[in-house]
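K.L.:
Have a look at the structure that comes next, please.
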Amino acid sequence: MTQLAREVERDCAPAWQALLEHQAASKDSKLAELFANDAQRGDRFTVLAGDVYLDYSKNRINAQTVNLLLDLATQCHLTQHIDALFSGAKINFSEARTASHIALRASSADVLNVNGVNVVPMVHEVLEQMAIFSDRIRSGSWLGASGKVIRNVINVGIGGSDLGPKMAYEALKYYSQRDITVRFIANVDESEFEEATRDLNPEETLFIVCSKSFTTFETLTNAYLARAWLLSALNNDVASVLKSHFVAVSSNVAAVEKFGISMSNLFVIWDWVGGRYSMCSAVGLSTMIAIGPVNFRAMLDGFRLIDMHVKTTPMNRNLPVILGLIAVWNANFLDSKIVAVLPYEHYLAHFPAYLQQLTMESNGKHVNQAGESITVSSSPVYWGEPGTNCQHSFGQLLHQGTQIVPCDFIGFAQALFPKGHGHDILLANLFAQARALAFGRSKEQLIAQGCSPALAPQKVCEGNRPSNTLLVDQLTPSSLGQLVAVYEHSVFVQGVIWKIDSFDQWGVELGKDLAPPILADLIAKGKPKLDQDSSTNGLIHRMRRLLGRAMYDN
Ligand SMILES: O=P(O)(O)OC[C@H]1O[C@H](O)[C@H](O)[C@@H](O)[C@@H]1O
C-alpha cells in the first residue's frame, strides 16, 4: 500500500462513517418536505461555473449532507489531488504516467511540467500545425492525388479516438463548414466502413487515422481497408495516395511511418494524454476541420475556464466538486447503480455515449491504489438519450421503476434554430421531468383529480427521485468545452473519493488477449484447435458451419 493510499484509507474513514449515520438518520426524508420546509432551497443548492449553472436542490440532501460530503473530500485530500492533477504528478500510478490533459487547453503563457519538461509549447506547436492543415482543407487548397479538392474527411479511430471527436463534431455541427462532409469509422464491422464511404468520391476523401497507440486492431484494419478502397479507385501510385489522402494522429511515430503515412502528415499526441481525455489534442483534428481553428480554440478556452474554476474555487462553490460528491452520495449512500444523462438538445445526442467512456472507463474499477478490493460501489452505469425522446421510451422506468435512477438534465436557454415554440416546449418538459421525479403524484392527489381508486395505484409516481439540472445559455464551442470539463473533473473527484486510478483501463485488455486464438480457430483452413471452454468451442464450431468452412468433429 502506498503512503498516500494508507493516509486516504485512514483519513476518510470518519467522514464516511458520519455520512452513513447521517443517511440512516435522514433516510425517510422526502424531497417534497425538504422543499416545503425551506422556501430558499431552490436557490440554496445551486452553483455557477463559467456559463454552467448547476441546480442540485432536487437531490436527497440537506445542508448537513453537503457539509459531510465536503468533510469527506477534505479527509480524502481532494485539494492535494487536484494540485497533483495540475502539477503533472504521476497520478496514473498503475501506468506510471501523468494525466496532463489540462495542458492541452493551457494558454501559451502557462507552464505545466511533465517529467521536468514544460509541455505547453509543444501543445501549441501541434495546435498551430492543426490550424494550418485545417485551413488548407477548409479553403479547398489541399488536393487529392488526382488533383480534386478534398471535400470528405473520415476519422478512423475507436474509443477515445472516436467518441470525443464524434461527439464534438455532432455537438458543434451548427458551427461547421457544411460543404465538408465529416464522418467517423470506429467498428471493425465492415458495414460501418461501407456506410461511411458508399456515397463518397474517393478522389475527394481524406482519412485521419487516429490512434494514440497505432496498434489498435480495429483502427489499423480499417486504415488498411481505406487504403485499399482508395487504391482501387484511383490511378495513382501508393506513395501519392498516402501523401494526399492520409494523415495520422498518434504518439507512435514508428508505427505511423511503417503504415506509410508521411511524417509531415503526422499530428503527434503524447503518452500523458489519456484516450478519453484527448478530444482537445490532435485527436480533435476532425473537429477543427469542421468548425475551424477559431472555434476549436474557443472550445479549448471553455475547458480552461472550468480548469481554472476547479483549481481556484473553494470546495463548497466548486461546481465539478459538488457534482462529483453528489454522484458519490447517490452511488454509495442511496445505492443507485445507474445514472441517466438527459440532454434536452438535439446536437448533444452523442453526449451520453461520450460520457459512458469518460465515466465508466475511468471509474469502473474494483481495486484501490493499493490493489485491494474496494468495499463500496465505484462508477454507476451511465446512459441516456436526448429529451424529449427519452420521455417516450425509458422515462417510464425513471418515474415508476423499482430502482432509483438519478438523472442529469442538461438544457440550453437559446435555441440554435428558433422556428416556432419548440424550444420553450423542450425546456418546459425538462423542468417538468425533474419536478415529476422529485415530487411525483400521490394516490390521494389522483383520486382528488377524479381517478378511480382502483386505477390510482397504477398511476402513482412516488417521486423522491434525485436529479441535477445543468443549464447553459447556448450551445457554443466554449460552453461545450465547459460542460465536458465539468464532467471530466467530476469523474476525477469521484475517483479520488473511491481511491482508484481513474486513468488506466486494464479491464479492456482481457478481451483483446482472448480474441486472436478465437480468430485463428474461426479462419483455420485445417482443423481448428478448439481449446476454449465448451460454450466458446460450440459457438466457433457452429459459426464455421454457418460460414461453410471445413468441419471436423468438435
Ligand atoms: O487511440 P488508441 O490507441 O487506438 O486507443 C483507442 C482506445 O482503445 C483502448 O482499448 C482503450 O480502451 C481506450 O481508452 C482507447 O481510447
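For the C-alpha cells, the naming scheme is as follows: chains receive sequential letters (A, B, ...) according to their order of presentation, residues are indexed from 1 within each chain, and ligands are indexed from 1 in presentation order.
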Which residues are near ligand 1 in this structure, taking near to mean any atom at most 10 Å from a ligand atom and counting only C-alpha atoms and all ligand atoms? Format them as a ChimeraX atom specification.

P.N.:
/A:156-164,186,209-220,249-252,269,271,274-278,283,357-358,361-362,503-509,511-512

K.L.:
Please produce a file of those selected residues containing C-alpha atoms, as an mmCIF file, in the first residue's frame.

P.N.:
```cif
data_model
loop_
_atom_site.group_PDB
_atom_site.id
_atom_site.type_symbol
_atom_site.label_atom_id
_atom_site.label_comp_id
_atom_site.auth_asym_id
_atom_site.auth_seq_id
_atom_site.Cartn_x
_atom_site.Cartn_y
_atom_site.Cartn_z
ATOM 1 C CA VAL A 156 -10.775 6.300 -38.386
ATOM 2 C CA GLY A 157 -10.393 5.576 -34.684
ATOM 3 C CA ILE A 158 -12.109 3.888 -31.779
ATOM 4 C CA GLY A 159 -12.721 4.554 -28.080
ATOM 5 C CA GLY A 160 -11.246 7.885 -27.101
ATOM 6 C CA SER A 161 -10.012 8.344 -30.664
ATOM 7 C CA ASP A 162 -13.615 8.313 -31.850
ATOM 8 C CA LEU A 163 -16.104 9.220 -29.121
ATOM 9 C CA GLY A 164 -14.725 12.663 -28.249
ATOM 10 C CA ALA A 186 -14.785 3.068 -35.394
ATOM 11 C CA VAL A 209 -6.048 7.577 -38.888
ATOM 12 C CA CYS A 210 -6.471 8.445 -35.255
ATOM 13 C CA SER A 211 -4.865 6.138 -32.733
ATOM 14 C CA LYS A 212 -2.689 7.078 -29.823
ATOM 15 C CA SER A 213 -1.036 3.662 -29.812
ATOM 16 C CA PHE A 214 -1.351 2.975 -33.550
ATOM 17 C CA THR A 215 -1.682 -0.675 -32.596
ATOM 18 C CA THR A 216 -5.447 -0.863 -32.092
ATOM 19 C CA PHE A 217 -6.502 -3.633 -34.440
ATOM 20 C CA GLU A 218 -9.911 -2.145 -35.311
ATOM 21 C CA THR A 219 -8.320 1.117 -36.389
ATOM 22 C CA LEU A 220 -5.459 -0.481 -38.294
ATOM 23 C CA VAL A 249 -2.814 11.327 -35.150
ATOM 24 C CA SER A 250 -0.640 9.247 -32.866
ATOM 25 C CA SER A 251 2.105 9.021 -30.285
ATOM 26 C CA ASN A 252 3.656 6.034 -32.075
ATOM 27 C CA ILE A 269 -0.097 13.292 -29.201
ATOM 28 C CA ASP A 271 1.519 9.300 -23.635
ATOM 29 C CA GLY A 274 -5.456 9.512 -21.886
ATOM 30 C CA GLY A 275 -7.693 8.394 -24.768
ATOM 31 C CA ARG A 276 -10.918 9.530 -23.106
ATOM 32 C CA TYR A 277 -9.314 12.859 -22.196
ATOM 33 C CA SER A 278 -7.920 13.526 -25.650
ATOM 34 C CA VAL A 283 -7.436 13.727 -31.753
ATOM 35 C CA GLN A 357 -16.365 6.097 -21.748
ATOM 36 C CA LEU A 358 -15.357 9.070 -19.620
ATOM 37 C CA GLU A 361 -13.688 3.531 -18.287
ATOM 38 C CA SER A 362 -12.309 5.957 -15.706
ATOM 39 C CA PHE A 503 -6.676 6.990 -15.773
ATOM 40 C CA ASP A 504 -5.924 3.351 -16.534
ATOM 41 C CA GLN A 505 -8.200 0.791 -18.242
ATOM 42 C CA TRP A 506 -6.773 -2.661 -17.622
ATOM 43 C CA GLY A 507 -10.201 -4.247 -17.804
ATOM 44 C CA VAL A 508 -10.362 -3.807 -21.563
ATOM 45 C CA GLU A 509 -7.225 -5.878 -22.138
ATOM 46 C CA GLY A 511 -10.993 -9.451 -24.271
ATOM 47 C CA LYS A 512 -8.253 -8.197 -26.617
#
```

K.L.:
Against region 462-484 of chain A, which residues of region 221-292 of chain A fall within 10 Å? For each one I want the closest pair of atoms and the distance in Å (one decimal), counting only C-alpha atoms, rows by chain and increasing residue number, as a Markdown table.

P.N.:
```
| residue | atom | partner | partner_atom | distance |
| --- | --- | --- | --- | --- |
| A:Tyr277 | CA | A:Val484 | CA | 9.7 |
| A:Met279 | CA | A:Gly481 | CA | 9.8 |
| A:Cys280 | CA | A:Gly481 | CA | 8.9 |
| A:Ile291 | CA | A:Pro477 | CA | 8.8 |
```

K.L.:
Go ahead and write the residues just picked, N, CA and C atoms, as a short mmCIF file (atom, residue, chain, number, x, y, z; two decimals), in the first residue's frame.

P.N.:
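Saved file out.cif follows:
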```cif
data_model
loop_
_atom_site.label_atom_id
_atom_site.label_comp_id
_atom_site.auth_asym_id
_atom_site.auth_seq_id
_atom_site.Cartn_x
_atom_site.Cartn_y
_atom_site.Cartn_z
N TYR A 277 -9.55 11.46 -22.56
CA TYR A 277 -9.31 12.86 -22.20
C TYR A 277 -8.63 13.60 -23.35
N MET A 279 -9.88 14.77 -26.50
CA MET A 279 -10.55 15.50 -27.59
C MET A 279 -10.00 16.90 -27.80
N CYS A 280 -9.22 17.42 -26.84
CA CYS A 280 -8.60 18.74 -27.03
C CYS A 280 -7.26 18.64 -27.75
N ILE A 291 -15.18 22.82 -37.66
CA ILE A 291 -15.64 24.10 -37.08
C ILE A 291 -14.62 25.22 -37.24
#
```

K.L.:
Compare A:Ala239, A:Leu31, A:Ser100, A:Leu19 by their minimum atom-to-atom distance to Ala436 (chain A), counting only C-alpha atoms, and give me the closest one.

P.N.:
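Of all the options, A:Leu31 lies closest to Ala436 (chain A).
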
K.L.:
Would you return as number ranges by chain the members of region 15-166 of chain A that DSSP assigns to alpha helix (DSSP H) on this structure's backbone?

P.N.:
A: 15-26, 31-36, 41-44, 63-75, 78-87, 120-139, 163-166

K.L.:
Determine, counting only C-alpha atoms, which protein, DNA and RNA residues have an atom within 10 Å of an atom of region 515-521 of chain A; residues of the same chain fewer than 6 positions away are not included. Present the result as JSON, numbers by chain.

P.N.:
{"A": [527, 528, 529, 530, 531, 532, 536, 537, 540, 541, 544]}

K.L.:
What are the closest atom pairs, with distances in Å to one decimal, for all residues of region 6-91 of chain A lying within 10 Å of region 317-341 of chain A? Consider only C-alpha atoms, order rows by chain and residue number, and present the result as JSON lines.

P.N.:
```
{"residue": "A:Trp16", "atom": "CA", "partner": "A:Phe333", "partner_atom": "CA", "distance": 9.6}
{"residue": "A:Leu19", "atom": "CA", "partner": "A:Phe333", "partner_atom": "CA", "distance": 7.7}
{"residue": "A:Leu20", "atom": "CA", "partner": "A:Phe333", "partner_atom": "CA", "distance": 6.8}
{"residue": "A:Glu21", "atom": "CA", "partner": "A:Phe333", "partner_atom": "CA", "distance": 10.0}
{"residue": "A:His22", "atom": "CA", "partner": "A:Phe333", "partner_atom": "CA", "distance": 9.5}
{"residue": "A:Gln23", "atom": "CA", "partner": "A:Phe333", "partner_atom": "CA", "distance": 6.6}
{"residue": "A:Ala24", "atom": "CA", "partner": "A:Phe333", "partner_atom": "CA", "distance": 9.1}
{"residue": "A:Lys27", "atom": "CA", "partner": "A:Leu334", "partner_atom": "CA", "distance": 8.6}
{"residue": "A:Phe45", "atom": "CA", "partner": "A:Ile322", "partner_atom": "CA", "distance": 9.8}
{"residue": "A:Thr46", "atom": "CA", "partner": "A:Leu319", "partner_atom": "CA", "distance": 8.8}
{"residue": "A:Val47", "atom": "CA", "partner": "A:Leu319", "partner_atom": "CA", "distance": 5.9}
{"residue": "A:Leu48", "atom": "CA", "partner": "A:Leu319", "partner_atom": "CA", "distance": 6.6}
{"residue": "A:Ala49", "atom": "CA", "partner": "A:Leu319", "partner_atom": "CA", "distance": 6.1}
{"residue": "A:Gly50", "atom": "CA", "partner": "A:Leu319", "partner_atom": "CA", "distance": 9.7}
{"residue": "A:Val52", "atom": "CA", "partner": "A:Leu319", "partner_atom": "CA", "distance": 8.6}
{"residue": "A:Tyr53", "atom": "CA", "partner": "A:Leu319", "partner_atom": "CA", "distance": 8.4}
{"residue": "A:Leu54", "atom": "CA", "partner": "A:Leu319", "partner_atom": "CA", "distance": 7.2}
{"residue": "A:Asp55", "atom": "CA", "partner": "A:Leu323", "partner_atom": "CA", "distance": 9.8}
{"residue": "A:Tyr56", "atom": "CA", "partner": "A:Leu323", "partner_atom": "CA", "distance": 8.0}
{"residue": "A:Asn59", "atom": "CA", "partner": "A:Ile326", "partner_atom": "CA", "distance": 7.9}
{"residue": "A:Arg60", "atom": "CA", "partner": "A:Asn330", "partner_atom": "CA", "distance": 8.4}
{"residue": "A:Ile61", "atom": "CA", "partner": "A:Ile326", "partner_atom": "CA", "distance": 8.7}
{"residue": "A:Thr65", "atom": "CA", "partner": "A:Trp329", "partner_atom": "CA", "distance": 8.6}
{"residue": "A:Val66", "atom": "CA", "partner": "A:Ile322", "partner_atom": "CA", "distance": 8.3}
{"residue": "A:Leu68", "atom": "CA", "partner": "A:Leu325", "partner_atom": "CA", "distance": 10.0}
{"residue": "A:Leu69", "atom": "CA", "partner": "A:Leu325", "partner_atom": "CA", "distance": 6.2}
{"residue": "A:Leu70", "atom": "CA", "partner": "A:Leu325", "partner_atom": "CA", "distance": 7.8}
{"residue": "A:Leu72", "atom": "CA", "partner": "A:Leu325", "partner_atom": "CA", "distance": 8.8}
{"residue": "A:Ala73", "atom": "CA", "partner": "A:Leu325", "partner_atom": "CA", "distance": 7.9}
{"residue": "A:Leu78", "atom": "CA", "partner": "A:Val321", "partner_atom": "CA", "distance": 9.0}
```

K.L.:
Next, dump the selected residues to file, keeping only N, CA and C atoms, as a compact mmCIF listing (two decimals), in the first residue's frame.

P.N.:
```txt
# COMPACT_ATOMS: atom_id res chain seq x y z
N TRP A 16 -16.73 9.09 6.16
CA TRP A 16 -17.57 8.05 5.56
C TRP A 16 -18.56 7.54 6.60
N LEU A 19 -21.25 10.02 7.26
CA LEU A 19 -22.24 10.04 6.17
C LEU A 19 -23.19 8.85 6.28
N LEU A 20 -22.64 7.70 6.65
CA LEU A 20 -23.50 6.52 6.82
C LEU A 20 -24.54 6.78 7.91
N GLU A 21 -24.08 7.38 9.02
CA GLU A 21 -25.00 7.66 10.12
C GLU A 21 -26.04 8.71 9.71
N HIS A 22 -25.56 9.71 8.98
CA HIS A 22 -26.45 10.76 8.51
C HIS A 22 -27.51 10.18 7.56
N GLN A 23 -27.08 9.30 6.70
CA GLN A 23 -28.03 8.67 5.75
C GLN A 23 -29.06 7.85 6.51
N ALA A 24 -28.60 7.12 7.52
CA ALA A 24 -29.55 6.30 8.30
C ALA A 24 -30.57 7.20 9.00
N LYS A 27 -32.95 8.92 6.17
CA LYS A 27 -33.40 8.11 5.02
C LYS A 27 -34.89 8.27 4.70
N PHE A 45 -29.16 25.42 -3.10
CA PHE A 45 -28.32 24.34 -3.62
C PHE A 45 -28.06 24.54 -5.11
N THR A 46 -27.42 25.63 -5.41
CA THR A 46 -27.04 25.92 -6.80
C THR A 46 -25.61 26.43 -6.81
N VAL A 47 -24.98 26.29 -7.95
CA VAL A 47 -23.59 26.77 -8.08
C VAL A 47 -23.33 27.09 -9.55
N LEU A 48 -22.52 28.10 -9.75
CA LEU A 48 -22.23 28.55 -11.12
C LEU A 48 -20.74 28.42 -11.40
N ALA A 49 -20.41 27.92 -12.57
CA ALA A 49 -19.00 27.89 -13.01
C ALA A 49 -19.00 28.34 -14.47
N GLY A 50 -18.39 29.48 -14.74
CA GLY A 50 -18.42 30.00 -16.11
C GLY A 50 -19.87 30.15 -16.54
N VAL A 52 -21.93 27.56 -16.85
CA VAL A 52 -22.68 26.37 -16.45
C VAL A 52 -23.29 26.59 -15.06
N TYR A 53 -24.60 26.48 -15.01
CA TYR A 53 -25.34 26.66 -13.75
C TYR A 53 -25.84 25.29 -13.33
N LEU A 54 -25.51 24.91 -12.11
CA LEU A 54 -25.96 23.60 -11.60
C LEU A 54 -26.97 23.82 -10.48
N ASP A 55 -28.16 23.26 -10.66
CA ASP A 55 -29.16 23.21 -9.59
C ASP A 55 -29.16 21.77 -9.08
N TYR A 56 -28.63 21.58 -7.85
CA TYR A 56 -28.61 20.23 -7.29
C TYR A 56 -29.58 20.09 -6.13
N ASN A 59 -31.78 16.80 -5.15
CA ASN A 59 -31.16 15.58 -4.63
C ASN A 59 -31.60 15.38 -3.19
N ARG A 60 -31.50 14.15 -2.73
CA ARG A 60 -31.96 13.86 -1.36
C ARG A 60 -30.87 14.24 -0.36
N ILE A 61 -30.69 15.54 -0.26
CA ILE A 61 -29.63 16.07 0.60
C ILE A 61 -30.18 17.23 1.41
N THR A 65 -25.78 17.20 4.75
CA THR A 65 -25.23 16.23 3.79
C THR A 65 -24.06 16.87 3.03
N VAL A 66 -24.30 18.09 2.58
CA VAL A 66 -23.25 18.77 1.79
C VAL A 66 -22.01 18.98 2.65
N LEU A 68 -21.03 17.24 5.20
CA LEU A 68 -20.34 15.96 5.44
C LEU A 68 -19.61 15.49 4.18
N LEU A 69 -20.21 15.73 3.02
CA LEU A 69 -19.53 15.36 1.77
C LEU A 69 -18.27 16.20 1.59
N LEU A 70 -18.36 17.46 1.98
CA LEU A 70 -17.16 18.32 1.89
C LEU A 70 -16.10 17.85 2.89
N LEU A 72 -15.72 14.79 3.72
CA LEU A 72 -15.17 13.59 3.08
C LEU A 72 -14.10 13.99 2.07
N ALA A 73 -14.43 15.03 1.28
CA ALA A 73 -13.45 15.50 0.28
C ALA A 73 -12.16 15.94 0.98
N LEU A 78 -8.73 15.89 -1.23
CA LEU A 78 -9.09 16.25 -2.60
C LEU A 78 -8.27 17.43 -3.13
```

K.L.:
What does the distance from CA of Asn152 (chain A) to CA of Glu257 (chain A) come to in Å, to one decimal?

P.N.:
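Computed distance, CA of Asn152 (chain A) to CA of Glu257 (chain A), equals 23.6 Å.
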
K.L.:
Write out as CSV the residues of region 65-149 of chain A that have any atom within 6 Å of an atom of region 198-205 of chain A, one row each with the nearest atom pair and its distance in Å to one decimal, counting only C-alpha atoms, sorted by chain and then rising number.

P.N.:
```
residue,atom,partner,partner_atom,distance
A:Gly144,CA,A:Glu203,CA,5.8
A:Lys148,CA,A:Glu204,CA,6.0
A:Val149,CA,A:Glu204,CA,5.8
```

K.L.:
Since we have the selection now, will you write its residues out, keeping C-alpha atoms, as a compact mmCIF listing (two decimals), in the first residue's frame?

P.N.:
```
# COMPACT_ATOMS: atom_id res chain seq x y z
CA GLY A 144 -6.25 14.68 -53.53
CA LYS A 148 -9.51 17.12 -56.88
CA VAL A 149 -10.32 19.24 -53.83
```
